[in-house]
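Structure below is upload14.txt: compact mmCIF, C-alpha atoms.
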```
# COMPACT_ATOMS: atom_id res chain seq x y z
CA MET A 1 20.82 -2.75 0.70
CA SER A 2 20.20 -4.58 3.97
CA GLU A 3 16.81 -5.46 5.41
CA ALA A 4 17.50 -3.13 8.29
CA ALA A 5 18.00 -0.33 5.82
CA THR A 6 14.76 -1.27 4.12
CA GLY A 7 12.92 -1.17 7.41
CA ALA A 8 14.37 2.24 8.15
CA LYS A 9 13.22 3.57 4.82
CA VAL A 10 9.73 2.16 5.27
CA GLY A 11 9.36 3.40 8.82
CA GLY A 12 11.51 6.50 8.70
CA GLY A 13 11.69 8.76 11.72
CA GLN A 14 9.02 9.27 14.35
CA PRO A 15 6.94 11.75 12.29
CA TRP A 16 6.73 9.22 9.44
CA LEU A 17 5.74 6.46 11.88
CA ARG A 18 2.85 8.61 13.10
CA LEU A 19 1.70 9.24 9.52
CA MET A 20 1.83 5.61 8.40
CA PRO A 21 -1.60 4.46 9.74
CA GLY A 22 -3.44 7.45 8.31
CA LEU A 23 -1.72 7.16 4.94
CA PHE A 24 -2.50 3.44 4.80
CA VAL A 25 -6.20 4.06 5.49
CA LEU A 26 -6.34 6.78 2.82
CA LEU A 27 -4.66 4.65 0.14
CA TRP A 28 -6.61 1.48 1.01
CA SER A 29 -9.88 3.41 0.88
CA THR A 30 -9.28 4.41 -2.74
CA GLY A 31 -9.55 0.77 -3.82
CA PHE A 32 -13.19 1.35 -4.73
CA ILE A 33 -11.99 3.65 -7.52
CA GLY A 34 -10.40 0.69 -9.27
CA ALA A 35 -13.54 -1.42 -8.92
CA LYS A 36 -15.79 1.43 -10.06
CA TYR A 37 -13.75 2.22 -13.16
CA GLY A 38 -12.27 -1.16 -14.04
CA LEU A 39 -14.81 -3.94 -13.52
CA PRO A 40 -17.24 -2.78 -16.25
CA TYR A 41 -14.54 -3.57 -18.83
CA VAL A 42 -13.06 -6.86 -17.58
CA GLU A 43 -14.01 -9.91 -15.53
CA PRO A 44 -12.77 -9.90 -11.92
CA LEU A 45 -10.12 -12.64 -11.96
CA THR A 46 -8.72 -11.46 -15.30
CA PHE A 47 -8.48 -7.97 -13.82
CA LEU A 48 -6.57 -9.28 -10.82
CA LEU A 49 -4.28 -11.42 -12.98
CA LEU A 50 -3.25 -8.38 -15.04
CA ARG A 51 -2.82 -6.25 -11.92
CA LEU A 52 -0.81 -8.68 -9.83
CA GLY A 53 1.26 -9.99 -12.73
CA LEU A 54 2.31 -6.47 -13.68
CA VAL A 55 3.24 -5.57 -10.10
CA ALA A 56 5.13 -8.85 -9.60
CA VAL A 57 7.36 -8.09 -12.58
CA LEU A 58 7.85 -4.48 -11.47
CA LEU A 59 8.81 -5.38 -7.90
CA ALA A 60 11.09 -8.22 -9.02
CA LEU A 61 12.99 -5.75 -11.20
CA VAL A 62 13.19 -3.26 -8.32
CA ALA A 63 14.41 -6.00 -5.96
CA LEU A 64 17.11 -7.08 -8.43
CA ALA A 65 18.18 -3.51 -9.21
CA THR A 66 18.50 -2.61 -5.52
CA ARG A 67 20.07 -5.99 -4.58
CA ALA A 68 17.33 -6.80 -2.10
CA PRO A 69 17.86 -9.99 -0.10
CA TRP A 70 15.78 -12.99 -1.18
CA PRO A 71 14.63 -15.90 1.03
CA ARG A 72 17.48 -18.28 1.79
CA ASP A 73 15.44 -21.48 1.46
CA TRP A 74 12.30 -22.77 -0.22
CA ARG A 75 10.47 -23.21 3.08
CA THR A 76 10.73 -19.49 3.88
CA ALA A 77 9.75 -18.59 0.32
CA GLY A 78 6.74 -20.90 0.59
CA ARG A 79 5.54 -19.22 3.76
CA ILE A 80 5.87 -15.81 2.17
CA ALA A 81 3.95 -17.03 -0.88
CA LEU A 82 1.17 -18.52 1.27
CA ALA A 83 0.66 -15.23 3.11
CA GLY A 84 0.42 -13.53 -0.27
CA LEU A 85 -2.13 -16.03 -1.58
CA LEU A 86 -4.33 -15.28 1.42
CA VAL A 87 -3.97 -11.48 1.48
CA HIS A 88 -3.92 -10.88 -2.27
CA GLY A 89 -5.46 -13.95 -3.86
CA VAL A 90 -8.28 -15.03 -1.56
CA TYR A 91 -9.17 -11.58 -0.24
CA LEU A 92 -9.04 -9.61 -3.48
CA SER A 93 -10.65 -12.36 -5.56
CA GLY A 94 -13.53 -12.63 -3.09
CA ILE A 95 -14.10 -8.86 -3.04
CA PHE A 96 -13.88 -8.43 -6.82
CA ILE A 97 -16.17 -11.39 -7.56
CA ALA A 98 -18.72 -10.25 -4.96
CA ILE A 99 -18.85 -6.72 -6.39
CA ALA A 100 -18.86 -7.93 -10.00
CA HIS A 101 -21.88 -10.13 -9.25
CA GLY A 102 -23.91 -7.34 -7.73
CA LEU A 103 -23.28 -7.42 -3.98
CA PRO A 104 -23.85 -3.84 -2.75
CA ALA A 105 -20.68 -2.05 -1.67
CA GLY A 106 -22.18 -1.38 1.75
CA VAL A 107 -22.81 -5.06 2.40
CA THR A 108 -19.32 -5.93 1.22
CA ALA A 109 -17.84 -3.29 3.54
CA LEU A 110 -19.83 -4.58 6.51
CA VAL A 111 -18.85 -8.22 5.93
CA VAL A 112 -15.15 -7.37 5.61
CA GLY A 113 -15.62 -4.98 8.55
CA ILE A 114 -15.88 -8.01 10.84
CA GLN A 115 -12.18 -8.65 10.17
CA PRO A 116 -10.77 -6.69 13.14
CA LEU A 117 -12.97 -8.63 15.58
CA LEU A 118 -12.08 -11.95 13.97
CA THR A 119 -8.38 -11.05 13.96
CA ALA A 120 -8.52 -10.09 17.64
CA ALA A 121 -10.29 -13.34 18.54
CA LEU A 122 -7.63 -15.41 16.76
CA SER A 123 -4.55 -13.37 17.67
CA GLY A 124 -4.55 -14.77 21.21
CA PRO A 125 -4.46 -18.51 20.43
CA LEU A 126 -2.38 -18.13 17.24
CA LEU A 127 0.05 -15.34 18.14
CA GLY A 128 -0.12 -15.18 21.93
CA GLU A 129 -1.22 -11.54 21.83
CA ARG A 130 -3.44 -10.20 24.59
CA VAL A 131 -6.48 -8.09 23.72
CA THR A 132 -7.64 -5.97 26.66
CA GLY A 133 -11.23 -5.23 27.63
CA ARG A 134 -10.80 -1.65 26.40
CA GLN A 135 -9.61 -2.90 23.05
CA TRP A 136 -12.55 -5.29 22.73
CA ALA A 137 -14.89 -2.38 23.47
CA GLY A 138 -13.14 -0.33 20.80
CA LEU A 139 -13.41 -3.16 18.25
CA LEU A 140 -17.16 -3.52 18.87
CA LEU A 141 -17.61 0.25 18.74
CA GLY A 142 -15.75 0.37 15.45
CA LEU A 143 -18.02 -2.29 13.93
CA VAL A 144 -21.08 -0.31 15.04
CA GLY A 145 -19.60 2.76 13.37
CA VAL A 146 -19.04 0.90 10.11
CA GLY A 147 -22.63 -0.36 10.26
CA LEU A 148 -23.93 3.20 10.62
CA VAL A 149 -21.80 4.42 7.71
CA VAL A 150 -23.10 1.76 5.31
CA ARG A 151 -26.61 1.44 6.83
CA GLU A 152 -28.38 2.90 3.80
CA LYS A 153 -26.67 0.47 1.41
CA LEU A 154 -27.53 -2.79 3.14
CA ALA A 155 -30.22 -4.05 0.77
CA VAL A 156 -29.75 -7.81 0.28
CA ASP A 157 -32.06 -10.38 -1.34
CA ALA A 158 -31.82 -14.03 -2.34
CA ALA A 159 -29.89 -13.14 -5.50
CA HIS A 160 -27.06 -11.80 -3.35
CA LEU A 161 -26.45 -15.00 -1.39
CA GLY A 162 -23.82 -16.28 -3.83
CA PRO A 163 -21.84 -13.01 -3.93
CA LEU A 164 -22.21 -12.79 -0.14
CA GLY A 165 -20.39 -16.11 0.12
CA PHE A 166 -17.47 -14.68 -1.83
CA ALA A 167 -17.36 -11.70 0.54
CA LEU A 168 -17.16 -14.13 3.47
CA VAL A 169 -14.31 -15.95 1.73
CA ALA A 170 -12.55 -12.59 1.37
CA LEU A 171 -13.06 -11.97 5.10
CA VAL A 172 -11.40 -15.26 6.01
CA GLY A 173 -8.57 -14.60 3.55
CA ILE A 174 -7.60 -11.17 4.86
CA THR A 175 -7.92 -12.32 8.50
CA LEU A 176 -5.78 -15.44 8.16
CA GLY A 177 -3.39 -13.62 5.84
CA THR A 178 -2.82 -10.84 8.37
CA LEU A 179 -2.14 -13.34 11.16
CA TYR A 180 0.09 -15.53 9.01
CA GLN A 181 2.06 -12.51 7.79
CA LYS A 182 2.55 -11.39 11.38
CA ARG A 183 3.78 -14.82 12.47
CA HIS A 184 5.90 -15.89 9.49
CA GLY A 185 6.53 -12.83 7.31
CA GLY A 186 7.92 -10.31 9.78
CA GLY A 187 11.49 -10.70 8.56
CA MET A 188 10.88 -10.58 4.83
CA ASP A 189 12.26 -7.79 2.70
CA LEU A 190 9.31 -5.80 1.41
CA ARG A 191 10.65 -5.62 -2.15
CA SER A 192 11.58 -9.25 -2.80
CA GLY A 193 8.98 -10.72 -0.43
CA THR A 194 6.06 -8.83 -1.93
CA ALA A 195 7.30 -9.73 -5.44
CA ILE A 196 7.14 -13.41 -4.45
CA GLN A 197 3.65 -12.98 -3.04
CA TYR A 198 2.31 -11.29 -6.15
CA ALA A 199 4.01 -13.80 -8.46
CA ALA A 200 2.53 -16.76 -6.54
CA THR A 201 -0.94 -15.22 -6.63
CA ALA A 202 -0.63 -14.35 -10.33
CA LEU A 203 0.36 -17.96 -11.10
CA ALA A 204 -2.69 -19.24 -9.23
CA LEU A 205 -4.95 -16.80 -11.08
CA ALA A 206 -3.35 -17.80 -14.40
CA VAL A 207 -4.66 -21.31 -13.76
CA VAL A 208 -8.13 -20.39 -12.44
CA ALA A 209 -9.07 -17.40 -14.62
CA PRO A 210 -9.00 -19.20 -18.02
CA LEU A 211 -11.19 -21.96 -16.57
CA THR A 212 -13.87 -19.59 -15.26
CA GLU A 213 -13.75 -16.46 -17.45
CA THR A 214 -13.49 -15.41 -21.10
CA MET A 215 -10.30 -13.38 -20.41
CA GLN A 216 -11.58 -10.58 -22.64
CA VAL A 217 -10.52 -7.00 -21.82
CA GLN A 218 -11.85 -3.70 -23.17
CA TRP A 219 -8.78 -1.44 -23.13
CA THR A 220 -10.58 1.82 -22.46
CA GLY A 221 -9.07 4.86 -20.81
CA GLU A 222 -11.07 4.15 -17.67
CA PHE A 223 -9.78 0.59 -17.48
CA VAL A 224 -6.14 1.61 -17.98
CA PHE A 225 -6.52 4.27 -15.27
CA ALA A 226 -8.05 1.74 -12.88
CA LEU A 227 -5.33 -0.83 -13.60
CA LEU A 228 -2.49 1.63 -13.04
CA TRP A 229 -4.14 3.05 -9.93
CA LEU A 230 -4.58 -0.36 -8.35
CA CYS A 231 -1.07 -1.45 -9.33
CA PHE A 232 0.84 1.49 -7.92
CA ILE A 233 -1.40 3.03 -5.25
CA LEU A 234 -2.89 -0.14 -3.78
CA SER A 235 -0.63 -3.07 -4.65
CA VAL A 236 2.59 -1.17 -3.95
CA GLY A 237 1.84 1.80 -1.71
CA ALA A 238 -0.93 0.46 0.53
CA ILE A 239 0.42 -3.11 0.79
CA PHE A 240 3.92 -1.92 1.70
CA LEU A 241 2.39 0.22 4.44
CA LEU A 242 0.19 -2.64 5.66
CA PHE A 243 3.09 -5.07 5.97
CA ALA A 244 5.25 -2.43 7.65
CA LEU A 245 2.46 -1.79 10.18
CA ILE A 246 1.97 -5.52 10.79
CA ARG A 247 5.71 -5.86 11.42
CA ARG A 248 5.68 -3.04 13.97
CA GLY A 249 2.37 -3.52 15.79
CA ALA A 250 0.00 -6.05 17.32
CA ALA A 251 -2.30 -7.75 14.82
CA ALA A 252 -5.51 -6.53 16.51
CA LYS A 253 -4.32 -2.92 16.49
CA VAL A 254 -3.38 -3.01 12.83
CA ALA A 255 -6.64 -4.75 11.91
CA SER A 256 -8.65 -2.04 13.68
CA LEU A 257 -7.51 0.42 10.99
CA PHE A 258 -9.78 -1.38 8.53
CA TYR A 259 -12.73 0.13 10.41
CA LEU A 260 -11.69 3.52 9.06
CA THR A 261 -11.73 2.54 5.39
CA PRO A 262 -15.54 2.54 4.86
CA PRO A 263 -15.89 6.06 6.37
CA VAL A 264 -12.98 7.41 4.32
CA THR A 265 -14.31 5.67 1.21
CA ALA A 266 -17.71 7.29 1.81
CA LEU A 267 -16.05 10.70 2.09
CA ILE A 268 -14.13 10.18 -1.15
CA ALA A 269 -17.29 9.02 -2.94
CA TRP A 270 -19.15 12.09 -1.68
CA ALA A 271 -16.37 14.45 -2.79
CA MET A 272 -15.63 12.84 -6.17
CA PHE A 273 -18.91 11.32 -7.31
CA GLY A 274 -21.54 13.21 -5.37
CA GLU A 275 -22.76 10.14 -3.50
CA ARG A 276 -25.12 10.90 -0.63
CA LEU A 277 -23.61 11.31 2.83
CA GLY A 278 -26.30 11.45 5.49
CA VAL A 279 -26.22 12.53 9.12
CA VAL A 280 -26.27 8.91 10.35
CA ALA A 281 -23.26 8.07 8.17
CA VAL A 282 -21.33 11.05 9.53
CA ALA A 283 -22.19 9.96 13.07
CA GLY A 284 -21.00 6.45 12.19
CA MET A 285 -17.66 7.88 11.07
CA ALA A 286 -17.22 9.51 14.46
CA VAL A 287 -18.13 6.27 16.24
CA ALA A 288 -15.66 4.28 14.13
CA VAL A 289 -12.87 6.78 14.84
CA CYS A 290 -13.58 6.53 18.58
CA GLY A 291 -13.47 2.73 18.38
CA VAL A 292 -10.11 2.69 16.61
CA ALA A 293 -8.76 5.24 19.10
CA LEU A 294 -9.73 2.95 21.99
CA VAL A 295 -7.99 -0.04 20.40
CA ASN A 296 -4.79 1.86 19.72
CA ARG A 297 -4.59 3.97 22.88
CA LYS A 298 -1.43 3.26 24.85
```
As structure tokens - that is how I would like this structure written.
Amino acid sequence: MSEAATGAKVGGGQPWLRLMPGLFVLLWSTGFIGAKYGLPYVEPLTFLLLRLGLVAVLLALVALATRAPWPRDWRTAGRIALAGLLVHGVYLSGIFIAIAHGLPAGVTALVVGIQPLLTAALSGPLLGERVTGRQWAGLLLGLVGVGLVVREKLAVDAAHLGPLGFALVALVGITLGTLYQKRHGGGMDLRSGTAIQYAATALALAVVAPLTETMQVQWTGEFVFALLWLCFILSVGAIFLLFALIRRGAAAKVASLFYLTPPVTALIAWAMFGERLGVVAVAGMAVAVCGVALVNRK
């Protein structure tokens, strides 16, 4: 199967292209389910090692079975692996460690919410992309919306400074990973390329996790559910959509979609777990949607 055929399957026709951003936001927003159900039973890096190792094996088998093209040289493979280490390793490790050490979800969401602005600021000098005044206004509006959504969960004290640092590391990882993927990973096959990225990240975690954690796992039903959810819904479904969107759109536009994940996450938490959803949070959702609409308006 050729890469062109893969791109056609990922993008599909025009109706599918229109659905891709919304589906990505929905899937990405369910990531909190994995953290909520999984982290009480396993340490963060061990959790990620199991998750990414399992997906790497799965995607490698899929790539071999479907005869997906692999990188032709080690330099290309190295670039693909580096993008994966940033997007999967640095970002996910930072988020999981921050949450596992008590950083409130709202603070984590706000820190990572800076990503679209940081991506827009760097996309000009690194990718040569132009961000218009309207788009800058939309990015700022989106950040305000995220702040309103998570406003009631922004309690931070001195004990949170360490976890806050990991959240900042995650912010840098997802920003640089998005830009690097846009610049160097646009031509990779999603099956073989993502398998390489997960394998490289799993190898890195296999070195770090035993040095910093006990590697103990409580194999409860909740943990198995969380692991499978994160493997198939996030690490396959959402990541495939993210890379397909990066391939097709400007980095700042794709990054702006991350503004919608805290509002959608809040809605899911309200519907599934009865978490409070105040008037200010609902207003923040509307503001965030308006900001993303400004960034992506043609």
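Among the candidates A:Gly102, A:Pro21, A:Gly133, A:Gly89, the residue lying nearest to Leu39 (chain A) is A:Gly102 (atoms considered: only C-alpha atoms).
Among A:Ala100, A:Leu168, A:Val146, A:Ala83, the residue with the shortest atom-to-atom distance to Tyr41 (chain A), counting all atoms listed in the file, is A:Ala100.
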Q: Tell me which of A:Leu49, A:Ala167, A:Ile80, A:Ala63 sits closest to Gly94 (chain A), counting only C-alpha atoms.
A: A:Ala167
Q | Separation of CA of Met188 (chain A) from CA of Ala244 (chain A), in Å and rounded to one decimal | A | 10.3 Å
(Q) For region 189-193 of chain A, find every residue with an atom within 7 Å (counting only C-alpha atoms), except residues of its own chain fewer than 6 positions away, and show them as a list in words. (A) Glu3, Leu59, Ala60, Ala63, Ala68, Pro69, Trp70, Ile80 and Phe240 of chain A
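Counting all atoms listed in the file and comparing A:Thr261, A:Ser256, A:Asn296, A:Gln216, the residue that lies closest to Leu50 (chain A) is A:Gln216.
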(Q) Between CA of Arg134 (chain A) and CA of Gln181 (chain A), what distance in Å does the model show, to one decimal? (A) 25.1 Å
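Among the candidates A:Val224, A:Met285, A:Leu277, A:Ile196, the residue lying nearest to Ala56 (chain A) is A:Ile196 (atoms considered: all atoms listed in the file).
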Q.
Counting only C-alpha atoms, which residue out of A:Leu205, A:Val150, A:Leu122, A:Ile33 sits closest to Gly53 (chain A)?
A. A:Leu205
Q: Please write as JSON, numbers by chain the list of polymer residues whose atoms come within 12 Å of (-7.7, -10.3, 24.0), counting all atoms listed in the file and keeping to the coordinates of the file.
A: {"A": [116, 117, 118, 119, 120, 121, 122, 123, 124, 125, 126, 127, 128, 129, 130, 131, 132, 133, 134, 135, 136, 137, 138, 139, 250, 251, 252, 253, 295]}
Taking (-20.0, 4.3, 5.6) as a centre in this file's frame and 10 Å as the limit, can you find every polymer residue with an atom that close, using all atoms listed in the file, and give them as a PDB file with C-alpha atoms, in the frame of the given file?
```pdb
ATOM      1  CA  ALA A 105     -20.680  -2.050  -1.670  1.00  0.00           C
ATOM      2  CA  GLY A 106     -22.180  -1.380   1.750  1.00  0.00           C
ATOM      3  CA  ALA A 109     -17.840  -3.290   3.540  1.00  0.00           C
ATOM      4  CA  LEU A 110     -19.830  -4.580   6.510  1.00  0.00           C
ATOM      5  CA  GLY A 145     -19.600   2.760  13.370  1.00  0.00           C
ATOM      6  CA  VAL A 146     -19.040   0.900  10.110  1.00  0.00           C
ATOM      7  CA  GLY A 147     -22.630  -0.360  10.260  1.00  0.00           C
ATOM      8  CA  LEU A 148     -23.930   3.200  10.620  1.00  0.00           C
ATOM      9  CA  VAL A 149     -21.800   4.420   7.710  1.00  0.00           C
ATOM     10  CA  VAL A 150     -23.100   1.760   5.310  1.00  0.00           C
ATOM     11  CA  ARG A 151     -26.610   1.440   6.830  1.00  0.00           C
ATOM     12  CA  GLU A 152     -28.380   2.900   3.800  1.00  0.00           C
ATOM     13  CA  LYS A 153     -26.670   0.470   1.410  1.00  0.00           C
ATOM     14  CA  TYR A 259     -12.730   0.130  10.410  1.00  0.00           C
ATOM     15  CA  LEU A 260     -11.690   3.520   9.060  1.00  0.00           C
ATOM     16  CA  THR A 261     -11.730   2.540   5.390  1.00  0.00           C
ATOM     17  CA  PRO A 262     -15.540   2.540   4.860  1.00  0.00           C
ATOM     18  CA  PRO A 263     -15.890   6.060   6.370  1.00  0.00           C
ATOM     19  CA  VAL A 264     -12.980   7.410   4.320  1.00  0.00           C
ATOM     20  CA  THR A 265     -14.310   5.670   1.210  1.00  0.00           C
ATOM     21  CA  ALA A 266     -17.710   7.290   1.810  1.00  0.00           C
ATOM     22  CA  LEU A 267     -16.050  10.700   2.090  1.00  0.00           C
ATOM     23  CA  LEU A 277     -23.610  11.310   2.830  1.00  0.00           C
ATOM     24  CA  GLY A 278     -26.300  11.450   5.490  1.00  0.00           C
ATOM     25  CA  VAL A 280     -26.270   8.910  10.350  1.00  0.00           C
ATOM     26  CA  ALA A 281     -23.260   8.070   8.170  1.00  0.00           C
ATOM     27  CA  VAL A 282     -21.330  11.050   9.530  1.00  0.00           C
ATOM     28  CA  ALA A 283     -22.190   9.960  13.070  1.00  0.00           C
ATOM     29  CA  GLY A 284     -21.000   6.450  12.190  1.00  0.00           C
ATOM     30  CA  MET A 285     -17.660   7.880  11.070  1.00  0.00           C
ATOM     31  CA  ALA A 288     -15.660   4.280  14.130  1.00  0.00           C
TER      32      ALA A 288
END
```
**Q.** Point-to-point distance from CA of Ile99 (chain A) to CA of Ile174 (chain A), Å rounded to tenths
**A.** 16.5 Å
Six-sided padding of 4 Å per side, axis-aligned box over region 35-39 of chain A, centre and edges in Å, one decimal, as AutoDock Vina command-line options:
```
--center_x -14.0 --center_y -0.9 --center_z -11.5 --size_x 11.5 --size_y 14.2 --size_z 13.1
```
